[in-house]
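Peer 1: Next comes target-v7.cif, mmCIF, C-alpha atoms and all ligand atoms:
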```cif
data_entry
loop_
_atom_site.label_atom_id
_atom_site.label_comp_id
_atom_site.auth_asym_id
_atom_site.auth_seq_id
_atom_site.Cartn_x
_atom_site.Cartn_y
_atom_site.Cartn_z
CA MET S 28 21.87 10.91 9.31
CA SER S 29 18.73 10.63 7.26
CA LEU S 30 16.05 8.41 8.77
CA PRO S 31 13.59 6.26 6.84
CA GLN S 32 10.38 8.24 7.04
CA LEU S 33 7.08 7.20 8.51
CA ILE S 34 4.54 9.17 6.48
CA MET S 35 1.79 10.10 8.92
CA LEU S 36 0.25 12.69 6.61
CA PRO S 37 -3.43 12.93 5.71
CA GLY S 38 -2.33 11.61 2.32
CA PRO S 39 -0.19 10.48 0.70
CA THR S 40 0.28 7.66 3.17
CA ASN S 41 2.69 4.79 3.75
CA VAL S 42 2.37 2.17 1.03
CA PRO S 43 2.66 -1.58 1.78
CA ALA S 44 5.57 -3.43 0.16
CA ARG S 45 3.26 -5.67 -1.88
CA VAL S 46 1.61 -2.60 -3.43
CA TYR S 47 4.98 -1.08 -4.36
CA ALA S 48 6.03 -4.43 -5.83
CA ALA S 49 2.90 -4.58 -7.97
CA MET S 50 3.77 -1.19 -9.44
CA CYS S 51 7.02 -2.58 -10.81
CA LYS S 52 5.33 -5.12 -13.09
CA PRO S 53 6.38 -4.80 -16.75
CA MET S 54 4.24 -2.49 -18.87
CA ILE S 55 1.26 -3.90 -20.76
CA ASN S 56 -0.81 -2.66 -23.67
CA HIS S 57 -3.61 -0.51 -22.29
CA ARG S 58 -5.67 -1.58 -25.32
CA GLY S 59 -4.93 -5.27 -24.89
CA PRO S 60 -6.39 -8.27 -23.05
CA GLU S 61 -4.15 -7.98 -19.97
CA PHE S 62 -5.43 -4.48 -19.29
CA HIS S 63 -9.04 -5.52 -19.90
CA GLU S 64 -8.68 -8.19 -17.24
CA LEU S 65 -6.91 -5.85 -14.80
CA HIS S 66 -9.45 -3.05 -15.35
CA SER S 67 -12.40 -5.36 -14.91
CA ARG S 68 -11.02 -6.76 -11.61
CA VAL S 69 -10.20 -3.28 -10.28
CA LEU S 70 -13.75 -2.07 -10.99
CA GLU S 71 -15.30 -5.15 -9.43
CA ASN S 72 -13.22 -4.92 -6.26
CA ALA S 73 -13.53 -1.14 -5.97
CA LYS S 74 -17.33 -1.54 -6.05
CA LYS S 75 -17.05 -3.91 -3.08
CA VAL S 76 -15.05 -1.31 -1.16
CA PHE S 77 -17.56 1.41 -2.12
CA GLN S 78 -20.38 -1.05 -1.22
CA THR S 79 -22.17 -0.12 -4.41
CA GLU S 80 -23.83 -1.70 -7.41
CA ASN S 81 -23.59 1.62 -9.26
CA ASP S 82 -21.24 2.34 -12.12
CA LEU S 83 -17.70 3.11 -11.04
CA PHE S 84 -14.83 4.67 -12.94
CA VAL S 85 -11.13 5.01 -12.19
CA LEU S 86 -9.68 8.29 -13.47
CA THR S 87 -6.02 8.99 -14.02
CA SER S 88 -5.81 12.12 -11.88
CA SER S 89 -5.50 13.10 -8.25
CA GLY S 90 -8.67 13.43 -6.17
CA THR S 91 -9.35 16.93 -7.52
CA GLY S 92 -9.89 15.35 -10.96
CA GLY S 93 -12.71 13.31 -9.41
CA VAL S 94 -14.21 16.51 -7.98
CA GLU S 95 -13.85 18.23 -11.35
CA CYS S 96 -15.51 15.24 -13.02
CA ALA S 97 -18.52 15.57 -10.69
CA ALA S 98 -18.65 19.34 -11.22
CA SER S 99 -18.61 19.04 -15.01
CA ASN S 100 -20.96 16.13 -15.78
CA PHE S 101 -24.27 16.51 -13.93
CA LEU S 102 -25.45 20.11 -13.67
CA LEU S 103 -26.38 22.64 -16.33
CA PRO S 104 -25.01 26.17 -15.96
CA GLY S 105 -27.18 28.14 -13.55
CA GLU S 106 -28.53 25.08 -11.72
CA LYS S 107 -28.44 25.22 -7.95
CA ILE S 108 -26.29 23.11 -5.69
CA LEU S 109 -25.97 23.32 -1.89
CA VAL S 110 -22.47 22.94 -0.49
CA PRO S 111 -21.70 23.07 3.24
CA VAL S 112 -18.38 24.88 3.72
CA GLY S 113 -16.43 24.40 6.94
CA GLY S 114 -12.87 24.20 5.68
CA THR S 115 -10.51 24.26 2.71
CA PHE S 116 -11.96 21.24 0.91
CA GLY S 117 -15.55 22.44 1.29
CA GLU S 118 -14.39 25.71 -0.30
CA ARG S 119 -12.66 23.85 -3.12
CA LEU S 120 -15.74 21.71 -3.76
CA ALA S 121 -17.90 24.85 -4.00
CA ASP S 122 -15.33 26.51 -6.29
CA ALA S 123 -15.22 23.51 -8.62
CA PHE S 124 -19.00 23.71 -9.20
CA ARG S 125 -18.77 27.50 -9.64
CA THR S 126 -16.08 27.03 -12.26
CA TYR S 127 -18.52 24.95 -14.32
CA GLY S 128 -21.26 27.54 -13.97
CA ALA S 129 -23.44 26.10 -11.19
CA ASP S 130 -25.29 28.44 -8.86
CA VAL S 131 -23.59 27.41 -5.61
CA ILE S 132 -25.49 28.05 -2.37
CA PRO S 133 -22.82 27.77 0.32
CA ILE S 134 -23.95 26.68 3.78
CA GLU S 135 -21.61 28.10 6.35
CA VAL S 136 -20.32 25.60 8.90
CA LYS S 137 -18.23 26.66 11.88
CA MET S 138 -14.69 25.34 11.47
CA GLY S 139 -14.21 22.30 13.69
CA SER S 140 -17.88 21.33 13.52
CA THR S 141 -19.92 19.66 10.77
CA PRO S 142 -23.22 20.21 8.97
CA THR S 143 -26.36 18.49 10.28
CA ALA S 144 -29.29 17.00 8.37
CA ASN S 145 -31.63 19.61 9.92
CA GLN S 146 -29.46 22.42 8.65
CA ILE S 147 -29.51 21.00 5.12
CA LYS S 148 -33.25 20.28 5.32
CA GLU S 149 -33.97 23.92 6.21
CA VAL S 150 -32.01 25.21 3.23
CA LEU S 151 -33.62 22.63 0.92
CA LYS S 152 -37.04 23.91 2.02
CA ARG S 153 -36.03 27.40 0.93
CA GLU S 154 -34.17 26.40 -2.23
CA ARG S 155 -36.82 24.14 -3.72
CA ASP S 156 -35.21 24.05 -7.14
CA ALA S 157 -31.83 22.80 -5.84
CA LYS S 158 -30.65 20.03 -8.13
CA ALA S 159 -27.94 18.65 -5.84
CA VAL S 160 -26.25 18.69 -2.45
CA ALA S 161 -22.49 18.13 -2.33
CA VAL S 162 -20.79 17.33 0.97
CA VAL S 163 -17.18 16.76 2.01
CA TYR S 164 -17.57 13.72 4.27
CA ASN S 165 -14.18 14.11 5.92
CA GLU S 166 -12.92 17.71 5.98
CA THR S 167 -9.19 17.01 5.93
CA SER S 168 -8.24 20.59 6.81
CA THR S 169 -10.03 20.54 10.20
CA GLY S 170 -10.05 16.83 11.12
CA THR S 171 -13.84 16.51 11.08
CA THR S 172 -16.21 13.84 9.75
CA VAL S 173 -19.88 14.49 9.02
CA ARG S 174 -21.60 12.08 11.41
CA ASP S 175 -25.00 12.96 9.92
CA LEU S 176 -24.05 11.87 6.40
CA ARG S 177 -26.67 9.14 6.08
CA GLN S 178 -29.41 11.50 7.33
CA ILE S 179 -28.20 14.24 4.98
CA GLY S 180 -28.57 11.71 2.18
CA GLU S 181 -32.14 11.03 3.27
CA VAL S 182 -33.21 14.70 3.30
CA THR S 183 -31.44 15.25 -0.01
CA LYS S 184 -33.20 12.36 -1.72
CA GLU S 185 -36.55 13.37 -0.17
CA ALA S 186 -36.10 16.75 -1.84
CA GLY S 187 -35.44 15.00 -5.16
CA ALA S 188 -31.86 16.28 -5.32
CA LEU S 189 -28.68 14.46 -6.23
CA PHE S 190 -26.38 13.52 -3.33
CA ILE S 191 -22.70 14.04 -4.14
CA VAL S 192 -20.02 13.11 -1.59
CA ASP S 193 -16.33 13.99 -1.57
CA ALA S 194 -15.01 11.01 0.39
CA ILE S 195 -11.47 11.50 -0.85
CA SER S 196 -9.76 11.34 2.51
CA VAL S 197 -11.99 8.76 4.18
CA LEU S 198 -13.37 6.01 1.94
CA GLY S 199 -11.99 2.77 3.43
CA GLY S 200 -11.28 4.48 6.76
CA ASP S 201 -14.80 4.95 8.11
CA ASP S 202 -18.32 3.73 7.37
CA LEU S 203 -19.60 4.65 3.93
CA PRO S 204 -22.00 2.11 2.43
CA VAL S 205 -22.62 4.12 -0.73
CA ASP S 206 -25.88 2.47 -1.82
CA LYS S 207 -27.37 2.08 1.65
CA TRP S 208 -26.75 5.75 2.39
CA GLY S 209 -28.17 6.90 -0.94
CA VAL S 210 -24.97 8.45 -2.26
CA ASP S 211 -25.44 9.16 -5.99
CA VAL S 212 -21.90 10.26 -6.72
CA CYS S 213 -19.04 9.24 -4.46
CA ILE S 214 -15.47 10.34 -5.06
CA THR S 215 -12.28 9.04 -3.53
CA ALA S 216 -8.57 8.97 -4.34
CA SER S 217 -5.87 6.32 -4.26
CA GLN S 218 -3.45 7.96 -1.80
CA LYS S 219 -5.50 7.92 1.39
CA CYS S 220 -7.27 5.01 3.09
CA LEU S 221 -6.72 2.74 0.07
CA ALA S 222 -2.95 2.71 0.79
CA THR S 223 -1.92 3.27 -2.83
CA PRO S 224 0.41 5.98 -4.20
CA PRO S 225 -1.23 9.20 -5.47
CA GLY S 226 -2.49 9.52 -9.04
CA LEU S 227 -5.89 7.85 -9.31
CA ALA S 228 -9.39 9.10 -8.50
CA LEU S 229 -12.43 6.83 -8.25
CA ILE S 230 -15.99 7.96 -8.83
CA SER S 231 -19.28 6.07 -8.55
CA VAL S 232 -22.36 7.15 -10.51
CA SER S 233 -25.95 6.16 -9.66
CA ARG S 234 -28.90 5.84 -12.04
CA ASP S 235 -30.27 9.19 -10.86
CA ALA S 236 -26.90 10.77 -11.54
CA TRP S 237 -26.89 9.35 -15.09
CA LYS S 238 -30.32 10.92 -15.67
CA LEU S 239 -28.83 14.34 -14.96
CA ALA S 240 -25.67 13.57 -16.92
CA GLU S 241 -27.69 12.63 -19.98
CA ARG S 242 -29.19 16.16 -20.17
CA ALA S 243 -25.98 17.98 -19.42
CA LYS S 244 -23.58 17.78 -22.30
CA PRO S 245 -20.26 17.29 -20.53
CA ARG S 246 -18.12 20.40 -20.70
CA THR S 247 -14.96 18.40 -20.38
CA GLU S 248 -13.21 15.97 -22.65
CA TYR S 249 -10.81 14.38 -20.20
CA PHE S 250 -13.43 13.79 -17.49
CA SER S 251 -16.44 13.01 -19.69
CA LEU S 252 -18.32 10.20 -17.94
CA THR S 253 -20.25 9.42 -21.11
CA LYS S 254 -16.94 8.71 -22.80
CA CYS S 255 -15.68 6.67 -19.83
CA LYS S 256 -18.87 4.57 -19.93
CA LYS S 257 -18.68 4.01 -23.67
CA PHE S 258 -15.07 2.82 -23.53
CA ARG S 259 -15.75 0.63 -20.51
CA ASP S 260 -18.91 -0.92 -21.97
CA GLU S 261 -17.50 -1.52 -25.43
CA LYS S 262 -13.93 -2.53 -24.63
CA MET S 263 -13.27 -2.46 -20.85
CA GLU S 264 -10.85 0.37 -21.57
CA THR S 265 -10.45 4.01 -20.60
CA PRO S 266 -10.81 6.81 -23.20
CA PHE S 267 -7.25 8.04 -22.69
CA THR S 268 -4.00 6.37 -21.61
CA PRO S 269 -4.44 5.26 -17.99
CA ALA S 270 -1.63 5.27 -15.40
CA VAL S 271 -1.16 1.52 -15.90
CA SER S 272 1.39 1.10 -13.08
CA LEU S 273 -0.99 2.76 -10.64
CA PHE S 274 -3.75 0.43 -11.79
CA PHE S 275 -1.44 -2.47 -10.86
CA ALA S 276 -0.91 -0.87 -7.44
CA LEU S 277 -4.60 -0.18 -6.85
CA ASP S 278 -5.47 -3.72 -7.92
CA GLU S 279 -3.08 -5.12 -5.30
CA ALA S 280 -4.29 -2.72 -2.59
CA LEU S 281 -7.95 -3.55 -3.21
CA GLN S 282 -7.19 -7.26 -3.03
CA MET S 283 -5.32 -6.65 0.24
CA ILE S 284 -8.27 -4.73 1.70
CA LEU S 285 -10.73 -7.45 0.70
CA GLU S 286 -8.45 -10.20 2.04
CA THR S 287 -8.31 -8.33 5.34
CA GLY S 288 -12.08 -7.85 5.18
CA LEU S 289 -13.58 -4.39 4.61
CA GLU S 290 -15.15 -4.20 8.05
CA ARG S 291 -11.86 -5.11 9.71
CA TRP S 292 -9.92 -2.67 7.50
CA ILE S 293 -12.27 0.16 8.48
CA GLY S 294 -12.31 -1.08 12.09
CA ARG S 295 -8.55 -0.67 12.35
CA HIS S 296 -8.88 3.00 11.43
CA LYS S 297 -11.59 3.44 14.07
CA LYS S 298 -9.60 1.67 16.77
CA ALA S 299 -6.38 3.54 16.06
CA GLY S 300 -8.36 6.80 15.76
CA SER S 301 -9.75 6.34 19.30
CA ALA S 302 -6.27 5.49 20.57
CA TYR S 303 -4.84 8.74 19.15
CA TYR S 304 -7.58 10.86 20.75
CA GLU S 305 -7.21 9.14 24.11
CA ALA S 306 -3.41 9.28 24.04
CA PHE S 307 -3.08 12.93 23.04
CA GLY S 308 -5.88 13.96 25.40
CA ARG S 309 -4.06 12.27 28.30
CA MET S 310 -0.86 14.00 27.28
CA GLY S 311 -2.62 17.30 27.88
CA LEU S 312 -3.28 18.30 24.26
CA ASN S 313 -6.53 19.66 22.84
CA PHE S 314 -8.20 18.88 19.55
CA PHE S 315 -9.35 21.32 16.90
CA ALA S 316 -12.54 19.40 16.07
CA GLU S 317 -15.56 19.43 18.35
CA GLU S 318 -16.24 16.16 20.09
CA GLY S 319 -19.18 14.89 17.98
CA SER S 320 -17.43 15.74 14.71
CA ARG S 321 -13.99 14.22 15.21
CA SER S 322 -12.44 12.29 12.37
CA ASN S 323 -10.88 8.86 12.85
CA VAL S 324 -8.58 9.38 9.92
CA VAL S 325 -7.29 12.94 10.41
CA ILE S 326 -6.40 13.92 13.96
CA ALA S 327 -6.11 17.73 14.12
CA ILE S 328 -4.38 18.87 17.30
CA ASN S 329 -4.10 22.42 18.62
CA MET S 330 -0.51 23.49 19.18
CA PRO S 331 0.28 24.15 22.84
CA THR S 332 0.74 27.90 23.49
CA GLY S 333 4.16 29.17 22.55
CA ILE S 334 5.14 26.29 20.26
CA ALA S 335 4.86 26.73 16.49
CA ALA S 336 3.62 23.80 14.43
CA LYS S 337 6.59 24.15 12.10
CA SER S 338 9.13 23.55 14.90
CA LEU S 339 7.26 20.45 16.00
CA ARG S 340 6.96 19.13 12.45
CA ASP S 341 10.64 19.77 11.70
CA ARG S 342 11.71 18.07 14.91
CA LEU S 343 9.49 15.05 14.34
CA ARG S 344 10.89 14.62 10.85
CA THR S 345 14.59 15.18 11.51
CA ARG S 346 14.91 13.54 14.93
CA TYR S 347 12.30 10.78 14.75
CA GLY S 348 11.64 10.30 11.03
CA VAL S 349 7.91 10.91 11.55
CA VAL S 350 6.27 13.18 8.98
CA VAL S 351 3.06 14.99 10.01
CA ALA S 352 1.16 17.91 8.45
CA GLY S 353 0.52 21.49 9.55
CA GLY S 354 -2.71 23.39 9.04
CA PHE S 355 -4.09 25.20 6.00
CA GLY S 356 -4.35 28.99 5.67
CA ALA S 357 -5.17 30.68 8.97
CA LEU S 358 -4.57 27.40 10.83
CA LYS S 359 -1.09 26.98 9.35
CA ASP S 360 0.87 27.32 12.56
CA SER S 361 -1.81 26.74 15.15
CA ILE S 362 -2.61 23.07 14.51
CA PHE S 363 -0.83 19.95 13.36
CA ARG S 364 -2.53 17.03 11.67
CA ILE S 365 -1.83 13.33 11.76
CA GLY S 366 -3.10 11.04 9.04
CA ASN S 367 -4.38 7.67 10.29
CA MET S 368 -4.95 6.15 6.91
CA GLY S 369 -4.29 2.99 4.94
CA VAL S 370 -1.46 1.22 6.73
CA VAL S 371 -2.75 1.23 10.32
CA THR S 372 -0.79 -1.05 12.64
CA PRO S 373 0.57 -0.80 16.22
CA ARG S 374 3.84 0.45 14.71
CA GLU S 375 2.30 3.65 13.29
CA VAL S 376 0.34 4.40 16.46
CA VAL S 377 3.06 3.72 19.03
CA THR S 378 5.81 5.40 17.01
CA THR S 379 3.74 8.51 16.31
CA VAL S 380 2.36 8.92 19.83
CA SER S 381 5.79 8.47 21.43
CA ALA S 382 7.57 10.70 18.92
CA VAL S 383 5.02 13.51 19.39
CA GLY S 384 5.30 13.18 23.20
CA ALA S 385 9.11 13.27 23.05
CA ALA S 386 9.34 16.14 20.54
CA LEU S 387 6.88 18.29 22.48
CA ASP S 388 8.80 17.64 25.68
CA GLU S 389 12.02 18.74 23.98
CA LEU S 390 10.27 21.91 22.85
CA GLY S 391 9.32 22.75 26.42
CA PHE S 392 5.76 21.40 26.69
CA ARG S 393 5.25 19.95 30.14
CA GLY S 394 2.71 17.27 29.25
CA HIS S 395 2.26 13.64 30.23
CA ALA S 396 3.96 11.79 27.39
CA GLY S 397 4.17 8.49 29.26
CA GLU S 398 0.53 8.52 30.28
CA GLY S 399 -0.50 9.16 26.69
CA LEU S 400 1.63 6.32 25.37
CA ASN S 401 0.29 3.91 28.01
CA ALA S 402 -3.28 4.75 27.00
CA ALA S 403 -2.49 4.14 23.32
CA ILE S 404 -0.79 0.80 24.05
CA ARG S 405 -3.84 -0.41 25.99
CA LEU S 406 -6.30 0.68 23.32
CA ILE S 407 -4.50 -0.99 20.45
CA SER S 408 -3.80 -4.29 22.21
CA ASP S 409 -5.92 -6.15 19.64
CA LEU S 410 -5.10 -3.97 16.58
C1 LIG F 501 -11.44 16.04 1.28
C2 LIG F 501 -10.50 16.27 0.15
N1 LIG F 501 -10.98 16.66 -1.04
C3 LIG F 501 -10.19 16.88 -2.09
C4 LIG F 501 -8.82 16.69 -2.00
C5 LIG F 501 -7.95 16.94 -3.19
O1 LIG F 501 -7.36 15.76 -3.57
P1 LIG F 501 -5.98 15.74 -4.41
O2 LIG F 501 -4.98 16.50 -3.60
O3 LIG F 501 -5.70 14.26 -4.52
O4 LIG F 501 -6.26 16.37 -5.71
C6 LIG F 501 -8.27 16.29 -0.79
C7 LIG F 501 -6.82 16.12 -0.64
O5 LIG F 501 -6.28 16.04 0.43
C8 LIG F 501 -9.14 16.06 0.32
O6 LIG F 501 -8.63 15.67 1.49
#
```
What is this structure when it is put down as structure tokens?
Ligand SMILES: Cc1ncc(COP(=O)(O)O)c(C=O)c1O

Peer 2:
Amino acid sequence: MSLPQLIMLPGPTNVPARVYAAMCKPMINHRGPEFHELHSRVLENAKKVFQTENDLFVLTSSGTGGVECAASNFLLPGEKILVPVGGTFGERLADAFRTYGADVIPIEVKMGSTPTANQIKEVLKRERDAKAVAVVYNETSTGTTVRDLRQIGEVTKEAGALFIVDAISVLGGDDLPVDKWGVDVCITASQKCLATPPGLALISVSRDAWKLAERAKPRTEYFSLTKCKKFRDEKMETPFTPAVSLFFALDEALQMILETGLERWIGRHKKAGSAYYEAFGRMGLNFFAEEGSRSNVVIAINMPTGIAAKSLRDRLRTRYGVVVAGGFGALKDSIFRIGNMGVVTPREVVTTVSAVGAALDELGFRGHAGEGLNAAIRLISDL
């Protein structure tokens, strides 16, 4: 029997019915008044969720397109950028800038921990001509969130460098007031904490970022921000055909988030995040991330000795209809990851915690499934 699946991945996530319904609206002309109105509302509401007055663009691409857009619009070949690397997405961010010719100075971060402002400050002192610092706020591969992000922004701006943040897996799921924290370029994607299907990337661009963009002739057509700005300013359009149905979906999701209230929407992720850590800890499981770096939106759990992540994932999917992720690369079989993103209600928490407890028990782990579930139930009583 095939079960309806609960998608507890670190993206894509479960999508609310009203967002799916919005996607089914009849097609409109992407060069006509209905799209202009839709586009304008999406930009206005997305800025509220980003907490920014900066320019914001919605790109028809997955999150990597947003990263590629940042890598291709601001720096000239040979210019220096600092990139902390503590996991797969830090590596990809560094690679994207390398691809466009930047001189990437990687800052090694132990997997499971996160970069600190002091660490970045030291490197900035040495690399005085660094033009930018790019940070993955939530490293999805290790379940870590950079708790020093605001302070990293401060040291970056003090050094006169541009502050670029890959917030793809976390914007909407944890604190990120873009303007208050001095983020010049912030990137996110539709399929994570915004509870929308995959296919759109969002990028905000500050005045300082435009100054750099104006010198650097974009080396991309599809992701040229100058082009995006021109089309938006002149016609409230996008240069190329946008994924109109996904714009309908994102529009609905943003309205839903703002109706809920941004603080409350983020607060749900925090509350459920704490419940997962408490529940799995009580069950007798350990976490991959160090305590001060743990992510609320990606819970990375070490596999108990002798049980492969694949057997747990298969069992969760086939027996309980709960879909979770394994690890990347070397961590493939030694951790499993739960996405706590977008649709965060008691149903997701209780179902996932109990299914993990049951599946591990069936696989021979002698943990405390009941104790874990009780802890989760108590912690989400007002979710
Ligand atoms: C932190 C981070 N950066 C970049 C990406 C790449 O995004 P996409 O797979 O949407 O291209 C992801 C995807 O999971 C991510 O979590």

Peer 1: Could you list, as a list of chain:residue names, every residue within 7 Å of Cys220 in chain S, counting all atoms listed in the file and ignoring same-chain residues fewer than 5 positions away?

Peer 2: S:Ser196, S:Val197, S:Leu198, S:Gly199, S:Gly200, S:Met368, S:Gly369

Peer 1: List all protein, DNA and RNA residues that have any atom at most 7 Å from ligand LIG 501 (chain F), counting only C-alpha atoms and all ligand atoms, and write the list as a ChimeraX atom specification.

Peer 2: /S:37-38,89-92,116,163,165-167,193-196,216,225

Peer 1: Any idea what the distance is between CA of Val370 in chain S and CA of Ile55 in chain S?

Peer 2: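 Between CA of Val370 in chain S and CA of Ile55 in chain S the gap is 28.1 Å.
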
Peer 1: Just give me the gap between CA of Leu339 in chain S and CA of Thr172 in chain S in Å, one decimal is fine.

Peer 2: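 Atom-to-atom, CA of Leu339 in chain S and CA of Thr172 in chain S are spaced 25.2 Å apart.
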
Peer 1: Name the residues, using the chain letters and numbers of the file, that sit within 8 Å of (1.9, 1.9, -1.1) when counting only C-alpha atoms, and give them as a ChimeraX atom specification.

Peer 2: /S:40-47,222-224,276,280

Peer 1: Of the residues S:Ala49, S:Gln32, S:Ala97, S:Asn329, which is the one nearest to Leu273 in chain S, using all atoms listed in the file?

Peer 2: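 Going through S:Ala49, S:Gln32, S:Ala97, S:Asn329 one by one, the smallest distance to Leu273 in chain S is for S:Ala49.
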
Peer 1: Between S:Thr126, S:Thr183, S:Gln178, S:Thr171, single out the one closest to Ala157 in chain S, counting all atoms listed in the file.

Peer 2: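 Residue with the minimum atom-to-atom distance to Ala157 in chain S: S:Thr183.
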
Peer 1: Of the candidates S:Thr253, S:Ser320, S:Gln146, S:Thr268, which shows the shortest atom-to-atom distance to Glu241 in chain S, using only C-alpha atoms?

Peer 2: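 Distance minimum relative to Glu241 in chain S lands on S:Thr253.
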
Peer 1: Which residues are close to Cys213 in chain S, i.e. within 7 Å by all atoms listed in the file, leaving aside same-chain residues fewer than 2 positions away? Reply as JSON, numbers by chain.

Peer 2: {"S": [191, 192, 193, 194, 210, 211, 215, 230, 231]}

Peer 1: Can you tell me how far CA of His395 in chain S sits from CA of Ser381 in chain S, in Å to one decimal?

Peer 2: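 It comes out at 10.8 Å.
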
Peer 1: Excluding same-chain residues fewer than 3 positions from Gly139 in chain S, what lies within 10 Å of it counting all atoms listed in the file, as a list in words?

Peer 2: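 Contacts, in chain order: Gly113, Gly114, Val136, Glu166, Ser168, Thr169, Gly170, Thr171, Thr172, Phe314, Phe315, Ala316, Glu317, Glu318, Gly319, Ser320, Arg321 and Ala327 of chain S.
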
Peer 1: Is it possible to get the residues within 10 Å of (-6.0, 4.6, -16.7) (coordinates as in the file, counting only C-alpha atoms) written as a compact mmCIF listing (two decimals) with C-alpha atoms, in the frame of the given file?

Peer 2:
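Output saved as selection.txt:
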```txt
# COMPACT_ATOMS: atom_id res chain seq x y z
CA HIS S 57 -3.61 -0.51 -22.29
CA PHE S 62 -5.43 -4.48 -19.29
CA HIS S 66 -9.45 -3.05 -15.35
CA PHE S 84 -14.83 4.67 -12.94
CA VAL S 85 -11.13 5.01 -12.19
CA LEU S 86 -9.68 8.29 -13.47
CA THR S 87 -6.02 8.99 -14.02
CA SER S 88 -5.81 12.12 -11.88
CA GLY S 226 -2.49 9.52 -9.04
CA LEU S 227 -5.89 7.85 -9.31
CA ALA S 228 -9.39 9.10 -8.50
CA GLU S 264 -10.85 0.37 -21.57
CA THR S 265 -10.45 4.01 -20.60
CA PRO S 266 -10.81 6.81 -23.20
CA PHE S 267 -7.25 8.04 -22.69
CA THR S 268 -4.00 6.37 -21.61
CA PRO S 269 -4.44 5.26 -17.99
CA ALA S 270 -1.63 5.27 -15.40
CA VAL S 271 -1.16 1.52 -15.90
CA SER S 272 1.39 1.10 -13.08
CA LEU S 273 -0.99 2.76 -10.64
CA PHE S 274 -3.75 0.43 -11.79
```
